[in-house]
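Asker: My structure is below; once you've seen it, I'll send some questions.
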Amino acid sequence: MGEGAEPIIRFEAVDKFFGSFQVLKKISLEVALGERVVVCGPSGSGKSTLIRCINGLEQHEAGTLSVEGTKLGQDHASLNRVRSSVGMVFQQFNLFPHLTVIENLMLGPVRARKLPREEARDLAQRYLERVRIPEQADKYPRQLSGGQQQRVAIARSLCMEPRIMLFDEPTSALDPEMINEVLDVMTELAESGMTMICVTHEMGFARRVADKMVFMDHGEIVEEAGPETFFNTPKSRRCQDFLQKILQH
Amino acid sequence: MYRATICLLMLTLVSGCSDQWGWYVVDPTTKNGAVNLQFLLSGLYYTVLLSVTAISISVVVGLLIALPGLSSSRPMRVVSRTYVEVVRAVPILVLILWVYYGLPQLSGLTITVFWAGVIALALSDSAFEAEIFRAGIQSIAKGQYEAAHSISLSYADTMRFVILPQAIRRILPALGNQLVYMLKMSSLVSVIGMQELTRKANELVVSEYRPLEIYTILVLEYLVLILIVSAGVRWLERRMQSDERN
Ligand SMILES: Nc1ncnc2c1ncn2[C@@H]1O[C@H](COP(=O)(O)OP(=O)(O)OP(=O)(O)O)[C@@H](O)[C@H]1O
Ligand SMILES: [Mg+2]
């Protein structure tokens, strides 16, 4: 994260609409290589939309968004380049239910990265070990607990060896006792130097790993600060209220 | 279903004792009866071959019609929609006659009875297959496409490895129904002279004058064939489900 280094993700005055409803309003945000950003904010504030723009799941209408220097929204080639370097983990896991765990992990490497099957299998097995479920390789997703499924989903993304990882409320669909096993995996990933943007309301995790906190409300970035400042002296009223509510439980 | 078959069989056998019935025409213990019975059963070959060939083609065509129907481009959707509406509106018998007698004049190619039957049945069925595929593909959650997108799969790979395997599992009962429907509709190809079950029965009726017995056998032939297919589809469904569970 050297000073003046080109940011790996850069939003400049990005607008996004759903019909006439403006979900993102003049978003400007920079993420440096290796930086860990945690995004929070009330429901419907546009957090998911913000990170979905980064891997092209949503297209913005105005402003510029570039990932590793490639501008999004130009053509297919640039979209393909960008999405191959961005991994994403979803709230609902979105594992492929008809494939075993190892097949879920191997599909991307074999079909998109064109790795030979044996190499892809070794890679998949390595990442399963990294998320600590190597013994579940031949099971189907439905046979695993929610926490295990989410760890498989993380491993599936990592098998593409992305340089950026996006997390959209990865623990919101989990039973409380499974949240930590997923957060532990994410913490390890953060420690390994991965560039990460996490939408989450797990503030303990945010304090531990975030380099930068972003608070969104009504499609705007209302507050952007390091975790110290963010949690101790938030500037805006909206952010103060939000933190008060969320930190109560 | 099985009980119904047995009831029907008993009924026909019992009533076979009355004077109206003359089961001798298909009595396998007599020489003539055995020959007649074999003649009737020999139609099975073309009924099955015709139906299976036609449905194999119509599944592929149906899928190729369904995919543009799901695209975000309006012209593509219109083409797909129009195909389905037009083809679905033509009665199968009319399509058979048109393909056999009309198409050769139009194209200058001669066409065998078998292939005319296959083309007509496949064409007609493809519209229904397209609708089945469309519903099946639409039933797959958006998250599956998003996950495929996020691991950089191409559109073709997303369909082939993620969406279609799941969709096909869901539409399997409907595809099984279409095969049953196809087996029944193949009887219509008898009008252009296809030597399948119905045609064989018609020809035997002309020479033996025993429509009651011969058509009863024909009914039973279709019934048994379709019960076997239904059982096969159910077996396949169970196997695919246990594939996902075990
Ligand atoms: N495909 C869509 N079409 C129309 N409106 C949408 C669509 N997706 C999201 N929205 C709307 O955009 C707004 C922002 O949605 P978004 O999912 O980004 O919010 P969020 O901050 O992630 O909320 P949550 O915490 O509930 O996940 C919401 O009001 C939502 O209803
Ligand atoms: Mg969201």
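Letters for chains follow the order of the structure tokens (A, B, ...), residue numbers begin at 1 for each chain, and ligand numbers begin at 1 in the order shown.
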Counting only C-alpha atoms, which residues from chain B have an atom at most 8 Å from any atom of chain A, and could you show them as a list in words?

Answerer: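 Taking only C-alpha atoms into account, Gly143, Gln144, Glu146, Ala147, His149, Ser150, Ile151, Ser152, Leu153, Ser154, Asp157, Val162, Pro165, Gln166, Glu244 and Arg245 of chain B sit within 8 Å of chain A.
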
Asker: Please write out the residues within 9 Å of ligand 1 as a VMD selection string, counting only C-alpha atoms and all ligand atoms.

Answerer: chain A and resid 17 to 19 21 to 24 40 to 52 58 91 168 to 169 199 to 200 216 to 219

Asker: Atom CA of B:Tyr46 to atom CA of B:Leu225: how many Å, to one decimal?

Answerer: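 Atom CA of B:Leu225 lies at a distance of 12.8 Å from atom CA of B:Tyr46.
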
Asker: Which residues are close to A:Arg10, i.e. within 12 Å by only C-alpha atoms, leaving aside same-chain residues fewer than 4 positions away? Reply as an MDAnalysis selection string.

Answerer: chainID A and resid 6 14 27:33 50:51 53:54 63:72

Asker: Go ahead and write the residues just picked, N, CA, C and O atoms, as a short mmCIF file (atom, residue, chain, number, x, y, z; two decimals), in the first residue's frame.

Answerer:
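The result, stored in selection_21.cif:
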```
data_model
loop_
_atom_site.label_atom_id
_atom_site.label_comp_id
_atom_site.auth_asym_id
_atom_site.auth_seq_id
_atom_site.Cartn_x
_atom_site.Cartn_y
_atom_site.Cartn_z
N GLU A 6 -1.18 3.39 -7.66
CA GLU A 6 -2.46 3.39 -8.37
C GLU A 6 -3.46 2.49 -7.62
O GLU A 6 -3.15 1.35 -7.29
N VAL A 14 -19.79 7.66 -9.60
CA VAL A 14 -20.59 6.61 -10.24
C VAL A 14 -22.06 6.74 -9.84
O VAL A 14 -22.39 6.84 -8.65
N ILE A 27 -20.96 8.05 -6.42
CA ILE A 27 -20.07 7.28 -5.55
C ILE A 27 -18.62 7.50 -5.97
O ILE A 27 -18.27 7.29 -7.13
N SER A 28 -17.79 7.92 -5.03
CA SER A 28 -16.35 7.97 -5.30
C SER A 28 -15.65 7.20 -4.19
O SER A 28 -15.91 7.44 -3.01
N LEU A 29 -14.81 6.26 -4.61
CA LEU A 29 -14.17 5.40 -3.62
C LEU A 29 -12.92 4.82 -4.25
O LEU A 29 -12.92 4.45 -5.43
N GLU A 30 -11.86 4.75 -3.47
CA GLU A 30 -10.64 4.12 -3.97
C GLU A 30 -10.23 3.02 -3.02
O GLU A 30 -10.30 3.17 -1.81
N VAL A 31 -9.81 1.91 -3.60
CA VAL A 31 -9.33 0.79 -2.78
C VAL A 31 -7.92 0.46 -3.26
O VAL A 31 -7.71 0.26 -4.46
N ALA A 32 -6.99 0.43 -2.33
CA ALA A 32 -5.60 0.15 -2.71
C ALA A 32 -5.34 -1.35 -2.69
O ALA A 32 -6.08 -2.11 -2.07
N LEU A 33 -4.29 -1.75 -3.38
CA LEU A 33 -3.90 -3.16 -3.38
C LEU A 33 -3.69 -3.65 -1.95
O LEU A 33 -2.99 -3.00 -1.17
N LEU A 50 -23.32 -1.61 -4.88
CA LEU A 50 -21.96 -1.06 -4.98
C LEU A 50 -20.95 -2.16 -5.31
O LEU A 50 -20.18 -2.04 -6.28
N ILE A 51 -20.97 -3.25 -4.54
CA ILE A 51 -19.92 -4.25 -4.80
C ILE A 51 -20.24 -5.09 -6.04
O ILE A 51 -19.34 -5.56 -6.72
N CYS A 53 -21.29 -3.96 -8.77
CA CYS A 53 -20.77 -3.22 -9.92
C CYS A 53 -19.32 -3.61 -10.21
O CYS A 53 -18.88 -3.61 -11.36
N ILE A 54 -18.60 -3.97 -9.14
CA ILE A 54 -17.16 -4.21 -9.30
C ILE A 54 -16.88 -5.45 -10.15
O ILE A 54 -15.90 -5.50 -10.88
N GLY A 63 -20.40 8.10 -14.65
CA GLY A 63 -19.15 8.08 -13.88
C GLY A 63 -18.25 6.98 -14.41
O GLY A 63 -18.60 6.29 -15.37
N THR A 64 -17.07 6.83 -13.81
CA THR A 64 -16.20 5.75 -14.26
C THR A 64 -15.84 4.85 -13.10
O THR A 64 -15.68 5.29 -11.97
N LEU A 65 -15.75 3.58 -13.44
CA LEU A 65 -15.37 2.57 -12.47
C LEU A 65 -14.27 1.76 -13.11
O LEU A 65 -14.46 1.18 -14.18
N SER A 66 -13.08 1.76 -12.49
CA SER A 66 -12.03 0.94 -13.08
C SER A 66 -11.46 -0.01 -12.04
O SER A 66 -11.39 0.29 -10.85
N VAL A 67 -11.13 -1.20 -12.54
CA VAL A 67 -10.57 -2.26 -11.71
C VAL A 67 -9.24 -2.65 -12.33
O VAL A 67 -9.19 -3.01 -13.51
N GLU A 68 -8.19 -2.57 -11.58
CA GLU A 68 -6.84 -2.82 -12.07
C GLU A 68 -6.57 -2.05 -13.36
O GLU A 68 -5.99 -2.58 -14.31
N GLY A 69 -7.05 -0.83 -13.41
CA GLY A 69 -6.79 0.02 -14.57
C GLY A 69 -7.73 -0.20 -15.75
O GLY A 69 -7.72 0.55 -16.71
N THR A 70 -8.57 -1.26 -15.69
CA THR A 70 -9.51 -1.51 -16.79
C THR A 70 -10.84 -0.85 -16.48
O THR A 70 -11.42 -1.08 -15.41
N LYS A 71 -11.32 -0.04 -17.43
CA LYS A 71 -12.61 0.62 -17.22
C LYS A 71 -13.74 -0.36 -17.50
O LYS A 71 -13.74 -1.05 -18.52
N LEU A 72 -14.71 -0.40 -16.60
CA LEU A 72 -15.87 -1.29 -16.78
C LEU A 72 -16.95 -0.60 -17.60
O LEU A 72 -17.06 0.62 -17.59
#
```

Asker: Write down as an MDAnalysis selection string the residues of stretch 94-246 of chain B whose backbone DSSP state falls under alpha helix (DSSP H).

Answerer: chainID B and resid 94:97 103:107 113:138 142:150 155:157 164:185 197:208 211:245

Asker: For the residues in the current selection, export C-alpha atoms as a compact mmCIF listing (two decimals), in the first residue's frame.

Answerer:
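Printed below is selection.txt as written:
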```txt
# COMPACT_ATOMS: atom_id res chain seq x y z
CA VAL B 94 -52.03 -31.85 -41.05
CA LEU B 95 -48.30 -31.44 -40.51
CA ILE B 96 -47.70 -35.09 -41.46
CA LEU B 97 -49.65 -34.69 -44.70
CA LEU B 103 -42.50 -30.62 -48.77
CA PRO B 104 -41.08 -32.76 -51.65
CA GLN B 105 -42.76 -30.44 -54.17
CA LEU B 106 -41.35 -27.42 -52.44
CA SER B 107 -37.83 -28.74 -51.97
CA VAL B 113 -42.35 -42.21 -45.12
CA PHE B 114 -40.19 -42.74 -42.07
CA TRP B 115 -38.39 -39.40 -42.31
CA ALA B 116 -41.57 -37.54 -43.19
CA GLY B 117 -43.05 -38.95 -39.98
CA VAL B 118 -39.97 -38.06 -37.96
CA ILE B 119 -39.86 -34.50 -39.29
CA ALA B 120 -43.56 -33.88 -38.72
CA LEU B 121 -43.59 -35.32 -35.21
CA ALA B 122 -40.32 -33.62 -34.23
CA LEU B 123 -41.43 -30.26 -35.60
CA SER B 124 -44.73 -30.40 -33.81
CA ASP B 125 -43.22 -31.59 -30.55
CA SER B 126 -40.36 -29.07 -30.61
CA ALA B 127 -42.74 -26.23 -29.80
CA PHE B 128 -43.85 -28.05 -26.65
CA GLU B 129 -40.28 -28.96 -25.74
CA ALA B 130 -39.32 -25.30 -26.10
CA GLU B 131 -42.02 -24.31 -23.63
CA ILE B 132 -40.92 -27.02 -21.21
CA PHE B 133 -37.27 -25.93 -21.40
CA ARG B 134 -38.22 -22.29 -21.00
CA ALA B 135 -40.15 -23.01 -17.80
CA GLY B 136 -37.40 -25.29 -16.50
CA ILE B 137 -34.62 -22.79 -17.14
CA GLN B 138 -36.66 -19.94 -15.67
CA LYS B 142 -30.71 -16.03 -10.31
CA GLY B 143 -27.95 -16.76 -7.79
CA GLN B 144 -26.81 -19.71 -9.89
CA TYR B 145 -26.11 -17.42 -12.86
CA GLU B 146 -24.37 -14.93 -10.58
CA ALA B 147 -22.14 -17.61 -9.07
CA ALA B 148 -21.27 -18.85 -12.57
CA HIS B 149 -20.53 -15.28 -13.65
CA SER B 150 -18.29 -14.76 -10.64
CA TYR B 155 -22.58 -18.25 -21.34
CA ALA B 156 -22.29 -21.65 -23.01
CA ASP B 157 -20.50 -23.20 -20.02
CA LEU B 164 -29.27 -27.17 -17.84
CA PRO B 165 -28.27 -30.07 -15.57
CA GLN B 166 -30.51 -28.60 -12.88
CA ALA B 167 -33.29 -27.63 -15.28
CA ILE B 168 -33.37 -31.08 -16.90
CA ARG B 169 -33.80 -32.75 -13.53
CA ARG B 170 -36.81 -30.57 -12.92
CA ILE B 171 -38.41 -31.09 -16.32
CA LEU B 172 -37.79 -34.82 -16.51
CA PRO B 173 -41.41 -35.72 -15.69
CA ALA B 174 -42.59 -33.33 -18.40
CA LEU B 175 -40.13 -34.79 -20.92
CA GLY B 176 -41.42 -38.26 -20.00
CA ASN B 177 -44.96 -37.09 -20.70
CA GLN B 178 -43.87 -35.82 -24.10
CA LEU B 179 -42.39 -39.21 -24.95
CA VAL B 180 -45.68 -40.88 -24.02
CA TYR B 181 -47.53 -38.31 -26.12
CA MET B 182 -45.14 -38.95 -29.01
CA LEU B 183 -45.67 -42.72 -28.85
CA LYS B 184 -49.39 -42.13 -29.14
CA MET B 185 -49.15 -39.53 -31.88
CA LEU B 197 -48.52 -50.63 -34.79
CA THR B 198 -51.68 -48.91 -35.99
CA ARG B 199 -50.97 -49.49 -39.68
CA LYS B 200 -50.33 -53.17 -39.07
CA ALA B 201 -53.62 -53.47 -37.20
CA ASN B 202 -55.51 -51.68 -39.97
CA GLU B 203 -54.06 -53.98 -42.60
CA LEU B 204 -54.91 -57.10 -40.61
CA VAL B 205 -58.47 -55.89 -40.06
CA VAL B 206 -58.90 -55.57 -43.82
CA SER B 207 -57.87 -59.17 -44.43
CA GLU B 208 -59.37 -60.83 -41.34
CA PRO B 211 -61.76 -55.33 -35.89
CA LEU B 212 -62.84 -55.90 -32.28
CA GLU B 213 -60.09 -58.38 -31.40
CA ILE B 214 -57.39 -56.76 -33.48
CA TYR B 215 -58.00 -53.23 -32.19
CA THR B 216 -58.21 -54.59 -28.65
CA ILE B 217 -54.75 -56.04 -29.13
CA LEU B 218 -53.67 -52.66 -30.50
CA VAL B 219 -54.98 -50.90 -27.40
CA LEU B 220 -53.08 -53.34 -25.20
CA GLU B 221 -49.90 -52.88 -27.21
CA TYR B 222 -49.94 -49.10 -26.63
CA LEU B 223 -50.93 -49.57 -23.02
CA VAL B 224 -48.06 -51.91 -22.20
CA LEU B 225 -45.57 -49.80 -24.14
CA ILE B 226 -46.57 -46.65 -22.31
CA LEU B 227 -46.63 -48.30 -18.90
CA ILE B 228 -43.08 -49.44 -19.51
CA VAL B 229 -42.01 -45.93 -20.52
CA SER B 230 -43.70 -44.40 -17.47
CA ALA B 231 -41.96 -46.86 -15.17
CA GLY B 232 -38.66 -46.06 -16.87
CA VAL B 233 -39.11 -42.33 -16.38
CA ARG B 234 -39.97 -42.81 -12.71
CA TRP B 235 -36.89 -44.97 -12.25
CA LEU B 236 -34.72 -42.30 -13.88
CA GLU B 237 -36.21 -39.60 -11.67
CA ARG B 238 -35.52 -41.61 -8.53
CA ARG B 239 -31.99 -42.30 -9.61
CA MET B 240 -31.25 -38.63 -10.30
CA GLN B 241 -32.66 -37.63 -6.95
CA SER B 242 -30.61 -40.17 -5.04
CA ASP B 243 -27.58 -38.94 -7.00
CA GLU B 244 -27.97 -35.60 -5.30
CA ARG B 245 -28.73 -36.97 -1.86
```

Asker: What's the 8 Å shell around A:Glu224, counting only C-alpha atoms, without same-chain residues fewer than 4 positions away, as a VMD selection string?

Answerer: chain A and resid 212 to 215 230

Asker: Using the selection just defined, write its residues with N, CA, C and O atoms as a compact mmCIF listing (two decimals), in the first residue's frame.

Answerer:
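Result written to out-v6.txt:
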```txt
# COMPACT_ATOMS: atom_id res chain seq x y z
N LYS A 212 -10.23 0.22 6.27
CA LYS A 212 -11.09 1.36 5.97
C LYS A 212 -12.54 0.94 6.16
O LYS A 212 -12.93 -0.16 5.77
N MET A 213 -13.32 1.81 6.81
CA MET A 213 -14.75 1.57 6.98
C MET A 213 -15.52 2.51 6.07
O MET A 213 -15.14 3.69 5.94
N VAL A 214 -16.58 1.97 5.44
CA VAL A 214 -17.42 2.81 4.60
C VAL A 214 -18.85 2.68 5.09
O VAL A 214 -19.34 1.57 5.29
N PHE A 215 -19.52 3.81 5.33
CA PHE A 215 -20.92 3.77 5.74
C PHE A 215 -21.78 4.36 4.62
O PHE A 215 -21.51 5.47 4.14
N PHE A 230 -13.69 5.77 12.76
CA PHE A 230 -15.06 5.40 12.41
C PHE A 230 -15.85 4.99 13.65
O PHE A 230 -16.97 5.45 13.86
```

Asker: Using atom CA of A:Glu181 and atom CA of A:Leu123 as the two end points, give the distance in Å to one decimal.

Answerer: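 Atom CA of A:Leu123 lies at a distance of 21.6 Å from atom CA of A:Glu181.
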
Asker: Find the distance between atom CA of A:Ala120 and atom CA of A:Met106 and write it in Å to one decimal.

Answerer: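 For atom CA of A:Ala120 relative to atom CA of A:Met106, the distance reads 5.6 Å.
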